[in-house]
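Here is the file structure_33.txt (compact mmCIF, C-alpha atoms).
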```txt
# COMPACT_ATOMS: atom_id res chain seq x y z
CA MET W 1 8.86 55.81 163.83
CA SER W 2 10.07 53.23 161.40
CA ILE W 3 13.74 54.25 161.68
CA PHE W 4 13.66 52.68 165.11
CA TYR W 5 12.48 49.35 163.73
CA LEU W 6 16.06 48.04 163.87
CA VAL W 7 16.38 49.20 167.47
CA GLN W 8 13.19 47.29 168.32
CA CYS W 9 14.59 44.17 166.61
CA PHE W 10 17.78 44.53 168.62
CA ALA W 11 15.85 45.00 171.88
CA ASP W 12 13.73 41.92 171.07
CA TRP W 13 16.79 39.83 170.22
CA LEU W 14 18.59 40.90 173.41
CA THR W 15 15.56 40.32 175.63
CA TYR W 16 14.27 37.03 174.24
CA SER W 17 17.35 35.32 172.75
CA ILE W 18 20.29 36.53 174.84
CA PHE W 19 18.67 37.05 178.24
CA SER W 20 16.18 34.30 177.32
CA ILE W 21 13.30 35.89 179.20
CA SER W 22 10.06 34.32 178.07
CA LYS W 23 8.01 36.51 175.78
CA GLY W 24 4.87 38.08 177.27
CA SER W 25 6.07 38.03 180.86
CA VAL W 26 6.09 41.24 182.87
CA LEU W 27 9.87 41.07 183.22
CA ALA W 28 10.35 40.67 179.46
CA ASP W 29 8.12 43.65 178.90
CA ALA W 30 10.07 45.85 181.31
CA VAL W 31 13.50 44.78 180.02
CA ASN W 32 12.46 45.21 176.40
CA PHE W 33 11.04 48.66 177.16
CA PHE W 34 14.25 49.67 178.94
CA ILE W 35 16.59 48.56 176.14
CA PHE W 36 14.48 50.06 173.37
CA ASP W 37 13.91 53.43 175.06
CA THR W 38 17.53 53.86 176.17
CA ILE W 39 18.93 53.21 172.70
CA LYS W 40 16.29 55.29 170.96
CA ILE W 41 16.83 58.31 173.22
CA LEU W 42 20.60 57.96 172.97
CA ILE W 43 20.49 58.02 169.15
CA LEU W 44 18.11 60.98 169.08
CA LEU W 45 20.18 62.93 171.63
CA THR W 46 23.45 62.38 169.78
CA VAL W 47 22.05 63.51 166.44
CA ILE W 48 20.06 66.52 167.69
CA ILE W 49 22.65 67.88 170.14
CA PHE W 50 25.26 67.69 167.38
CA ILE W 51 23.06 69.55 164.88
CA VAL W 52 22.08 72.23 167.41
CA SER W 53 25.74 72.71 168.37
CA ILE W 54 26.65 73.35 164.75
CA ILE W 55 23.83 75.92 164.38
CA ARG W 56 24.94 77.49 167.67
CA SER W 57 28.50 77.99 166.42
CA PHE W 58 27.08 80.59 164.04
CA ILE W 59 25.28 82.55 166.79
CA PRO W 60 27.44 82.89 169.92
CA ALA W 61 26.08 84.72 172.96
CA GLU W 62 28.21 87.76 172.12
CA LYS W 63 26.44 88.10 168.78
CA ILE W 64 22.99 87.68 170.34
CA ARG W 65 23.89 90.39 172.84
CA SER W 66 24.70 92.91 170.12
CA ILE W 67 21.50 92.04 168.24
CA LEU W 68 19.33 92.47 171.35
CA SER W 69 21.07 95.55 172.66
CA HIS W 70 18.64 98.50 172.78
CA LYS W 71 15.84 96.42 171.23
CA TYR W 72 12.32 97.53 171.99
CA GLN W 73 9.95 95.54 174.15
CA ILE W 74 7.87 92.82 172.47
CA THR W 75 10.11 92.58 169.38
CA GLY W 76 13.04 92.17 171.74
CA ASN W 77 11.12 89.71 173.92
CA LEU W 78 10.08 87.62 170.91
CA MET W 79 13.64 87.52 169.58
CA ALA W 80 15.26 86.94 172.98
CA ALA W 81 13.03 83.95 173.77
CA ALA W 82 13.85 82.46 170.35
CA PHE W 83 17.58 82.92 170.93
CA GLY W 84 17.13 81.37 174.37
CA ILE W 85 15.95 78.15 172.75
CA ILE W 86 19.19 77.53 170.86
CA THR W 87 21.53 78.76 173.60
CA PRO W 88 22.84 76.13 175.99
CA PHE W 89 22.20 76.80 179.60
CA CYS W 90 24.11 75.87 182.67
CA THR W 91 23.68 77.50 186.03
CA CYS W 92 27.30 78.63 185.86
CA SER W 93 26.62 80.66 182.71
CA ALA W 94 23.51 82.44 184.05
CA ILE W 95 25.32 85.35 185.71
CA PRO W 96 27.80 86.16 182.92
CA LEU W 97 24.91 86.11 180.45
CA PHE W 98 22.58 88.21 182.59
CA LEU W 99 25.13 90.86 183.53
CA GLY W 100 26.69 90.85 180.07
CA PHE W 101 23.29 91.55 178.51
CA ILE W 102 22.31 94.29 180.97
CA GLU W 103 25.70 96.03 180.71
CA ALA W 104 25.43 96.06 176.91
CA GLY W 105 22.08 97.84 177.05
CA VAL W 106 19.74 94.91 176.51
CA PRO W 107 16.47 95.92 178.29
CA ILE W 108 15.80 94.03 181.55
CA GLY W 109 12.55 92.49 180.32
CA VAL W 110 14.22 91.27 177.12
CA THR W 111 17.06 89.78 179.18
CA PHE W 112 14.50 87.94 181.31
CA SER W 113 12.77 86.50 178.23
CA PHE W 114 16.12 85.05 177.24
CA LEU W 115 16.87 83.82 180.75
CA ILE W 116 13.50 82.05 181.02
CA ALA W 117 13.49 80.40 177.59
CA SER W 118 17.10 79.22 177.75
CA PRO W 119 16.80 76.49 180.41
CA MET W 120 13.13 75.69 179.77
CA ILE W 121 13.34 74.99 176.04
CA ASN W 122 16.57 73.27 175.13
CA GLU W 123 17.51 70.48 172.77
CA VAL W 124 17.77 67.84 175.50
CA ALA W 125 14.24 68.54 176.74
CA ILE W 126 12.95 68.60 173.16
CA VAL W 127 14.57 65.25 172.29
CA LEU W 128 13.22 63.60 175.43
CA LEU W 129 9.76 64.96 174.76
CA LEU W 130 9.83 63.85 171.13
CA GLY W 131 11.14 60.40 171.97
CA LEU W 132 8.89 59.79 174.96
CA PHE W 133 5.70 61.78 174.34
CA GLY W 134 5.48 62.32 170.58
CA TRP W 135 5.39 65.50 168.53
CA LYS W 136 2.05 66.88 169.77
CA THR W 137 3.10 67.18 173.41
CA THR W 138 6.49 68.46 172.27
CA PHE W 139 4.85 71.19 170.23
CA ILE W 140 2.55 72.20 173.09
CA TYR W 141 5.52 72.30 175.45
CA ILE W 142 7.66 74.47 173.16
CA ALA W 143 4.81 76.84 172.27
CA SER W 144 3.69 77.34 175.89
CA GLY W 145 7.26 77.70 177.14
CA TYR W 146 7.99 80.27 174.45
CA LEU W 147 4.84 82.25 175.29
CA ILE W 148 5.64 82.16 179.02
CA ALA W 149 9.16 83.48 178.32
CA VAL W 150 7.87 86.29 176.08
CA ILE W 151 5.00 87.36 178.35
CA ALA W 152 6.90 87.05 181.65
CA GLY W 153 9.80 89.05 180.19
CA PHE W 154 7.41 91.68 178.88
CA VAL W 155 5.64 92.01 182.25
CA ILE W 156 8.95 92.26 184.15
CA GLY W 157 10.05 94.90 181.65
CA LYS W 158 6.94 96.97 182.43
CA LEU W 159 7.55 96.82 186.17
CA ASN W 160 10.18 99.20 187.36
CA VAL W 161 12.84 96.79 188.60
CA GLN W 162 16.09 98.47 187.55
CA HIS W 163 16.97 99.29 191.16
CA LEU W 164 16.60 95.64 192.20
CA ILE W 165 19.67 94.56 190.23
CA GLU W 166 23.00 94.80 192.03
CA LYS W 167 25.27 97.30 190.37
CA PHE W 168 28.53 95.68 189.47
CA GLY W 169 29.95 98.59 187.56
CA VAL W 170 31.71 96.55 184.94
CA SER W 171 34.00 98.76 182.94
CA ASN W 172 33.58 97.27 179.52
CA ARG W 173 36.87 97.91 177.82
CA ASN W 174 36.16 95.47 175.06
CA THR W 175 32.64 96.07 173.80
CA SER W 176 33.57 95.68 170.16
CA LEU W 177 34.78 92.13 170.41
CA VAL W 178 36.13 90.80 167.13
CA PRO W 179 33.81 88.03 165.95
CA MET W 180 35.59 84.72 165.76
CA GLN W 181 35.81 83.34 162.24
CA LEU W 182 35.45 79.61 162.62
CA THR W 183 36.31 77.01 160.01
CA TRP W 184 34.06 74.01 159.44
CA PRO W 185 36.51 71.56 161.04
CA GLN W 186 36.53 73.82 164.12
CA ARG W 187 32.73 73.92 164.24
CA ILE W 188 32.52 70.15 163.90
CA GLN W 189 35.19 69.64 166.56
CA SER W 190 33.36 71.95 169.00
CA ALA W 191 30.04 70.26 168.27
CA LYS W 192 31.57 66.83 168.84
CA ASP W 193 33.11 67.98 172.14
CA TYR W 194 29.87 69.55 173.33
CA THR W 195 27.78 66.52 172.33
CA SER W 196 29.99 64.04 174.15
CA GLU W 197 30.31 66.29 177.24
CA THR W 198 26.54 66.70 177.44
CA LEU W 199 25.86 63.01 176.92
CA VAL W 200 28.32 61.96 179.61
CA LYS W 201 26.73 64.43 182.00
CA ILE W 202 23.09 63.46 181.49
CA LEU W 203 23.33 59.79 180.52
CA PRO W 204 23.38 58.37 184.07
CA TYR W 205 20.19 60.29 184.90
CA ILE W 206 18.50 59.14 181.71
CA VAL W 207 19.42 55.48 182.22
CA ILE W 208 18.20 55.56 185.83
CA GLY W 209 15.05 57.45 184.79
CA ILE W 210 14.24 54.97 182.03
CA GLY W 211 15.10 52.08 184.34
CA VAL W 212 12.72 53.18 187.07
CA GLY W 213 10.20 54.05 184.34
CA ALA W 214 10.50 50.53 182.91
CA TRP W 215 9.91 49.08 186.36
CA ILE W 216 6.78 51.22 186.87
CA HIS W 217 5.69 50.39 183.34
CA GLY W 218 5.89 46.68 184.10
CA TYR W 219 5.10 46.36 187.78
CA VAL W 220 3.08 49.26 189.17
CA PRO W 221 -0.63 48.84 188.46
CA THR W 222 -2.29 51.64 186.54
CA GLU W 223 -5.09 51.95 189.12
CA PHE W 224 -2.49 52.78 191.77
CA ILE W 225 -1.07 55.69 189.77
CA VAL W 226 -4.45 56.98 188.72
CA ARG W 227 -5.62 56.96 192.31
CA TYR W 228 -2.60 58.86 193.69
CA ALA W 229 -1.58 61.05 190.76
CA GLY W 230 -4.71 60.92 188.68
CA GLY W 231 -4.87 64.59 188.00
CA ASN W 232 -8.54 65.26 188.27
CA SER W 233 -8.19 66.95 191.64
CA TRP W 234 -7.83 70.72 191.59
CA TYR W 235 -4.50 70.79 193.40
CA SER W 236 -2.61 68.27 191.22
CA VAL W 237 -1.12 70.92 188.88
CA LEU W 238 -0.07 73.06 191.84
CA VAL W 239 1.59 70.14 193.62
CA ALA W 240 3.31 69.02 190.40
CA THR W 241 4.72 72.54 189.88
CA LEU W 242 6.02 72.84 193.45
CA VAL W 243 7.58 69.37 193.39
CA GLY W 244 9.32 70.23 190.11
CA ILE W 245 11.23 73.25 191.45
CA PRO W 246 14.11 71.46 193.24
CA LEU W 247 14.65 68.85 190.53
CA TYR W 248 16.54 70.79 187.86
CA SER W 249 19.80 68.86 187.69
CA ASN W 250 17.79 65.70 187.23
CA ALA W 251 15.59 67.01 184.42
CA ALA W 252 16.94 64.38 182.04
CA GLY W 253 16.08 61.59 184.45
CA VAL W 254 12.70 62.98 185.43
CA MET W 255 11.22 63.04 181.93
CA PRO W 256 11.37 59.27 181.23
CA LEU W 257 9.69 58.69 184.59
CA VAL W 258 6.97 61.20 183.90
CA SER W 259 6.29 59.73 180.47
CA VAL W 260 5.43 56.40 182.07
CA LEU W 261 3.17 58.12 184.58
CA THR W 262 1.40 59.86 181.71
CA GLN W 263 0.87 56.58 179.87
CA LYS W 264 -0.63 55.28 183.09
CA GLY W 265 -3.17 58.07 183.33
CA VAL W 266 -1.65 61.25 184.78
CA ALA W 267 -3.26 64.20 183.01
CA ILE W 268 -1.17 65.88 180.32
CA GLY W 269 -1.53 69.40 181.77
CA THR W 270 -0.19 68.17 185.09
CA THR W 271 2.73 66.52 183.28
CA LEU W 272 3.51 69.69 181.30
CA ALA W 273 3.39 71.87 184.42
CA PHE W 274 5.69 69.48 186.22
CA MET W 275 8.27 69.38 183.44
CA MET W 276 8.20 73.14 182.96
CA ALA W 277 8.71 73.64 186.68
CA VAL W 278 11.66 71.21 186.60
CA THR W 279 13.39 73.07 183.76
CA GLY W 280 12.11 76.64 184.16
CA LEU W 281 12.09 77.16 187.90
CA SER W 282 15.30 75.83 189.29
CA LEU W 283 16.49 76.19 192.84
CA PRO W 284 20.24 76.19 191.98
CA GLU W 285 19.60 78.92 189.41
CA PHE W 286 17.75 81.04 191.98
CA LEU W 287 20.64 80.73 194.42
CA ILE W 288 23.09 81.85 191.73
CA LEU W 289 20.88 84.74 190.59
CA LYS W 290 20.51 85.92 194.16
CA LYS W 291 24.10 87.15 193.94
CA ILE W 292 23.14 89.77 191.39
CA MET W 293 19.52 90.63 192.13
CA LYS W 294 17.53 91.49 195.21
CA THR W 295 15.32 88.75 196.63
CA LYS W 296 12.29 90.82 195.69
CA LEU W 297 13.13 90.62 191.98
CA LEU W 298 13.81 86.92 192.29
CA ILE W 299 10.37 86.46 193.84
CA ILE W 300 8.72 88.56 191.12
CA PHE W 301 10.51 86.46 188.46
CA ALA W 302 9.61 83.11 190.04
CA THR W 303 6.00 84.17 190.67
CA ILE W 304 5.36 85.34 187.11
CA VAL W 305 6.93 82.24 185.56
CA GLY W 306 5.18 80.03 188.13
CA LEU W 307 1.79 81.56 187.30
CA GLY W 308 2.47 81.00 183.59
CA ILE W 309 3.25 77.35 184.27
CA LEU W 310 0.14 76.87 186.43
CA PHE W 311 -2.01 78.49 183.79
CA THR W 312 -0.57 76.20 181.10
CA GLY W 313 -1.14 73.13 183.25
CA TYR W 314 -4.74 73.94 184.12
CA MET W 315 -5.56 75.02 180.60
CA PHE W 316 -4.40 71.76 179.02
CA ASN W 317 -6.04 69.63 181.68
CA PHE W 318 -9.24 71.53 180.98
CA LEU W 319 -8.94 71.43 177.18
CA LEU W 320 -7.94 67.81 176.83
CA TYR W 321 -10.37 66.25 179.24
CA MET B 322 54.05 86.73 178.03
CA ILE B 323 50.98 86.50 180.23
CA ILE B 324 48.23 84.07 179.25
CA LYS B 325 44.88 84.21 180.98
CA ILE B 326 42.23 81.51 180.97
CA LEU B 327 38.82 83.07 181.55
CA GLY B 328 35.96 80.97 182.82
CA ALA B 329 33.74 80.72 185.85
CA GLY B 330 34.53 77.13 186.69
CA CYS B 331 32.80 75.25 183.89
CA ALA B 332 34.34 71.93 182.93
CA GLY B 333 35.92 73.32 179.77
CA CYS B 334 38.21 75.72 181.63
CA ALA B 335 40.39 73.01 183.16
CA ARG B 336 40.87 71.41 179.76
CA LEU B 337 41.79 74.72 178.16
CA GLU B 338 44.33 75.32 180.92
CA ASN B 339 45.92 71.90 180.43
CA ASN B 340 45.98 72.26 176.65
CA THR B 341 47.54 75.72 176.94
CA LYS B 342 50.28 74.42 179.24
CA GLU B 343 50.89 71.55 176.83
CA ALA B 344 51.08 74.02 173.91
CA LEU B 345 53.64 76.12 175.80
CA ARG B 346 55.67 73.02 176.60
CA GLN B 347 55.70 71.96 172.95
CA LEU B 348 56.72 75.46 171.91
CA GLY B 349 59.40 75.51 174.60
CA LEU B 350 58.07 78.84 175.87
CA GLN B 351 57.80 80.22 179.36
CA ALA B 352 54.65 82.15 180.21
CA ASP B 353 52.52 82.91 183.22
CA VAL B 354 49.25 81.03 182.89
CA ILE B 355 46.66 82.70 185.09
CA LYS B 356 43.16 81.39 185.68
CA VAL B 357 40.53 84.11 185.96
CA THR B 358 37.29 83.03 187.57
CA ASP B 359 35.94 86.37 188.80
CA ILE B 360 32.83 87.17 186.78
CA GLN B 361 33.35 90.94 186.83
CA THR B 362 36.85 90.58 185.43
CA ILE B 363 35.67 88.11 182.79
CA LEU B 364 32.88 90.46 181.72
CA SER B 365 35.31 93.36 181.45
CA TYR B 366 36.86 91.52 178.51
CA GLY B 367 33.46 91.55 176.79
CA ILE B 368 33.21 87.78 177.09
CA MET B 369 30.07 85.84 177.99
CA SER B 370 30.71 82.39 176.60
CA SER B 371 33.46 80.61 178.45
CA PRO B 372 36.16 79.44 178.30
CA ALA B 373 38.23 82.20 176.71
CA LEU B 374 41.93 82.63 176.06
CA VAL B 375 43.61 85.99 176.58
CA ILE B 376 47.21 86.54 175.47
CA ASP B 377 48.83 89.73 176.76
CA GLU B 378 45.42 91.30 177.42
CA LYS B 379 44.07 90.46 173.96
CA VAL B 380 41.11 88.08 173.63
CA VAL B 381 42.23 85.56 171.02
CA MET B 382 39.58 82.86 171.42
CA TYR B 383 36.28 82.39 173.27
CA GLY B 384 33.35 80.04 173.60
CA ARG B 385 35.16 76.89 172.47
CA ASN B 386 37.84 74.48 173.48
CA PRO B 387 40.55 74.46 170.82
CA SER B 388 43.04 71.64 170.32
CA VAL B 389 46.67 71.91 171.45
CA ASP B 390 47.74 72.51 167.83
CA GLU B 391 45.32 75.39 167.49
CA ILE B 392 46.51 76.96 170.74
CA ILE B 393 50.11 76.69 169.47
CA LYS B 394 49.03 78.65 166.40
CA LEU B 395 47.18 81.23 168.52
CA ILE B 396 50.26 81.75 170.70
CA LYS B 397 52.54 82.09 167.67
CA ASP B 398 50.18 84.58 166.02
CA ASN B 399 49.86 86.73 169.11
CA LYS B 400 53.36 86.69 170.53
```
Would you mind writing the file's structure down as structure tokens?
Amino acid sequence: MSIFYLVQCFADWLTYSIFSISKGSVLADAVNFFIFDTIKILILLTVIIFIVSIIRSFIPAEKIRSILSHKYQITGNLMAAAFGIITPFCTCSAIPLFLGFIEAGVPIGVTFSFLIASPMINEVAIVLLLGLFGWKTTFIYIASGYLIAVIAGFVIGKLNVQHLIEKFGVSNRNTSLVPMQLTWPQRIQSAKDYTSETLVKILPYIVIGIGVGAWIHGYVPTEFIVRYAGGNSWYSVLVATLVGIPLYSNAAGVMPLVSVLTQKGVAIGTTLAFMMAVTGLSLPEFLILKKIMKTKLLIIFATIVGLGILFTGYMFNFLLY
Amino acid sequence: MIIKILGAGCAGCARLENNTKEALRQLGLQADVIKVTDIQTILSYGIMSSPALVIDEKVVMYGRNPSVDEIIKLIKDNK
């Protein structure tokens, strides 16, 4: 990535000239790594989040809902998972989206495809993957996440789960909502707002994540990591998936850490499973969803997605070893 | 005039509320500004992306956070 040549020069200058840490030392290595990675990720995040926000202003959730309403299985699942990628996700928006979709006649399975893809594949995860792991891992992550969302949604759609969703009986007096005509200055303003809000929210996690990563990168011997997280044991993918479930809010901080572990020898399938569990299976989201669905449906949902993640992890460990 | 701010507690809602109050102050208008956080009620307006602005039961804006000037315009247009 030659566009980051200047960033590397800046990191070198800061490390060696300003902090005057002698070149080649472990400390210099760690500090240099920290400065370079933080700036690189920050630039990538700003640019990509802004671009995605602009695209998003053309396809609000209300529009997606009317497109997906009464869509057939498979086609609907494929489309819903794709829409999920560009839609921002926060736990607080999960219920309005879910209920809004169901009430408007979007099939349950299609709604689930959307709900699974939305947090798992988002621009922040994609930027971090691109910046820290390179395009190959990023592609594998997006493709597997997309497939999991489509298949899991399809399977849930085939099961008869209608009765497991709490009836809210929303009287929709405003189904034909007038689409908002936005001007370009309004789109740009919204995108700017969203970009800065997102950055402020995730930046502390990223800086801490990269910081701890830089420390591991410099100070923790590779043999140590390989021995304890090496990934050749049969249970490593399973453990990685389970550990990932409670970490959602820290997804942005977890990825830089994991990238260092991967460079030090943790198997890529284990890494993928871990990151997908962090983003795709989130404890706060489950607690929120529990308000509108029976525990049984929640378990079905988590199990199917969990199996998809495990399968992905084992498959890539098997294929790439 | 009754103005409702719809949103289930995301960060944007507080800003929209403040901007709306500022817009009313600049216009020299009196209005009840009500925050609606109940999801069922929000959904009954057909809204999924918060925050949204409702003036006298009409949804005039959703899914963004407009500037004070824009809110002034929205209030004038929907009075």
Exercise for review: Between CA of Leu272 (chain W) and CA of Phe133 (chain W), measure the distance and give it in Å to one decimal.
Suggested key: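 Rounded to one decimal, the two atoms are 10.8 Å apart.
Of the listed residues (B:Ala329, B:Asp353, B:Leu348, B:Tyr366), B:Leu348 comes nearest to Val389 (chain B); the distances count all atoms listed in the file.
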Practice item. Find, counting only C-alpha atoms, the residue in B:Glu343, B:Asp390, B:Asp398, B:Asp359 that gets nearest to Ile376 (chain B). Key: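 Nearest to Ile376 (chain B): B:Asp398.
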12 Å contacts from chain B to chain W using only C-alpha atoms, as a CSV table (one decimal) with C-alpha atoms, in the coordinates of the input:
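Result file out29.csv:
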```csv
chain,number,residue,atom,x,y,z
B,327,LEU,CA,38.8,83.1,181.6
B,328,GLY,CA,36.0,81.0,182.8
B,329,ALA,CA,33.7,80.7,185.8
B,330,GLY,CA,34.5,77.1,186.7
B,331,CYS,CA,32.8,75.2,183.9
B,332,ALA,CA,34.3,71.9,182.9
B,333,GLY,CA,35.9,73.3,179.8
B,336,ARG,CA,40.9,71.4,179.8
B,358,THR,CA,37.3,83.0,187.6
B,359,ASP,CA,35.9,86.4,188.8
B,360,ILE,CA,32.8,87.2,186.8
B,361,GLN,CA,33.4,90.9,186.8
B,362,THR,CA,36.8,90.6,185.4
B,363,ILE,CA,35.7,88.1,182.8
B,364,LEU,CA,32.9,90.5,181.7
B,365,SER,CA,35.3,93.4,181.4
B,366,TYR,CA,36.9,91.5,178.5
B,367,GLY,CA,33.5,91.6,176.8
B,368,ILE,CA,33.2,87.8,177.1
B,369,MET,CA,30.1,85.8,178.0
B,370,SER,CA,30.7,82.4,176.6
B,371,SER,CA,33.5,80.6,178.4
B,372,PRO,CA,36.2,79.4,178.3
B,373,ALA,CA,38.2,82.2,176.7
B,378,GLU,CA,45.4,91.3,177.4
B,379,LYS,CA,44.1,90.5,174.0
B,380,VAL,CA,41.1,88.1,173.6
B,381,VAL,CA,42.2,85.6,171.0
B,382,MET,CA,39.6,82.9,171.4
B,383,TYR,CA,36.3,82.4,173.3
B,384,GLY,CA,33.4,80.0,173.6
B,385,ARG,CA,35.2,76.9,172.5
B,386,ASN,CA,37.8,74.5,173.5
B,387,PRO,CA,40.6,74.5,170.8
B,388,SER,CA,43.0,71.6,170.3
B,390,ASP,CA,47.7,72.5,167.8
B,391,GLU,CA,45.3,75.4,167.5
```
Practice item. Between CA of Ile299 (chain W) and CA of Val110 (chain W), measure the distance and give it in Å to one decimal. Key: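 Straight-line distance from CA of Ile299 (chain W) to CA of Val110 (chain W) works out to 17.8 Å.
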Point to revise | Contacts of Arg346 (chain B) within 12 Å, only C-alpha atoms, excl. fewer than 4 positions in-chain, as a list of chain:residue names | key: B:Asn339, B:Asn340, B:Thr341, B:Lys342, B:Leu350, B:Gln351, B:Ala352, B:Val389, B:Asp390, B:Ile392, B:Ile393, B:Ile396
**Study point:** Counting only C-alpha atoms, the option among B:Val357, B:Gly349, B:Ala344, B:Lys400 closest to Ile326 (chain B)
**Key:**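 Under the stated criterion, the closest residue is B:Val357.
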Please reconstruct the missing atoms of region 364-378 of chain B (target: N, CA and C atoms) and return them as an mmCIF file, keeping the file's coordinate frame.
```cif
data_model
loop_
_atom_site.group_PDB
_atom_site.id
_atom_site.type_symbol
_atom_site.label_atom_id
_atom_site.label_comp_id
_atom_site.auth_asym_id
_atom_site.auth_seq_id
_atom_site.Cartn_x
_atom_site.Cartn_y
_atom_site.Cartn_z
ATOM 1 N N LEU B 364 33.775 89.603 182.507
ATOM 2 C CA LEU B 364 32.880 90.460 181.720
ATOM 3 C C LEU B 364 33.611 91.689 181.183
ATOM 4 N N SER B 365 34.607 92.154 181.908
ATOM 5 C CA SER B 365 35.310 93.360 181.450
ATOM 6 C C SER B 365 36.068 93.098 180.152
ATOM 7 N N TYR B 366 36.253 91.852 179.803
ATOM 8 C CA TYR B 366 36.860 91.520 178.510
ATOM 9 C C TYR B 366 35.804 91.413 177.406
ATOM 10 N N GLY B 367 34.532 91.624 177.777
ATOM 11 C CA GLY B 367 33.460 91.550 176.790
ATOM 12 C C GLY B 367 33.023 90.129 176.488
ATOM 13 N N ILE B 368 33.461 89.204 177.331
ATOM 14 C CA ILE B 368 33.210 87.780 177.090
ATOM 15 C C ILE B 368 31.991 87.299 177.869
ATOM 16 N N MET B 369 31.149 86.497 177.256
ATOM 17 C CA MET B 369 30.070 85.840 177.990
ATOM 18 C C MET B 369 30.155 84.321 177.891
ATOM 19 N N SER B 370 30.635 83.845 176.730
ATOM 20 C CA SER B 370 30.710 82.390 176.600
ATOM 21 C C SER B 370 32.123 81.924 176.958
ATOM 22 N N SER B 371 32.178 81.098 177.984
ATOM 23 C CA SER B 371 33.460 80.610 178.450
ATOM 24 C C SER B 371 33.750 79.240 177.835
ATOM 25 N N PRO B 372 34.957 78.743 177.852
ATOM 26 C CA PRO B 372 36.160 79.440 178.300
ATOM 27 C C PRO B 372 36.713 80.374 177.220
ATOM 28 N N ALA B 373 37.595 81.295 177.664
ATOM 29 C CA ALA B 373 38.230 82.200 176.710
ATOM 30 C C ALA B 373 39.718 82.244 176.986
ATOM 31 N N LEU B 374 40.480 82.561 175.940
ATOM 32 C CA LEU B 374 41.930 82.630 176.060
ATOM 33 C C LEU B 374 42.377 84.056 175.783
ATOM 34 N N VAL B 375 43.141 84.617 176.734
ATOM 35 C CA VAL B 375 43.610 85.990 176.580
ATOM 36 C C VAL B 375 45.143 85.973 176.586
ATOM 37 N N ILE B 376 45.745 86.476 175.523
ATOM 38 C CA ILE B 376 47.210 86.540 175.470
ATOM 39 C C ILE B 376 47.630 88.005 175.534
ATOM 40 N N ASP B 377 48.402 88.356 176.541
ATOM 41 C CA ASP B 377 48.830 89.730 176.760
ATOM 42 C C ASP B 377 47.668 90.716 176.608
ATOM 43 N N GLU B 378 46.607 90.430 177.356
ATOM 44 C CA GLU B 378 45.420 91.300 177.420
ATOM 45 C C GLU B 378 44.601 91.352 176.135
#
```
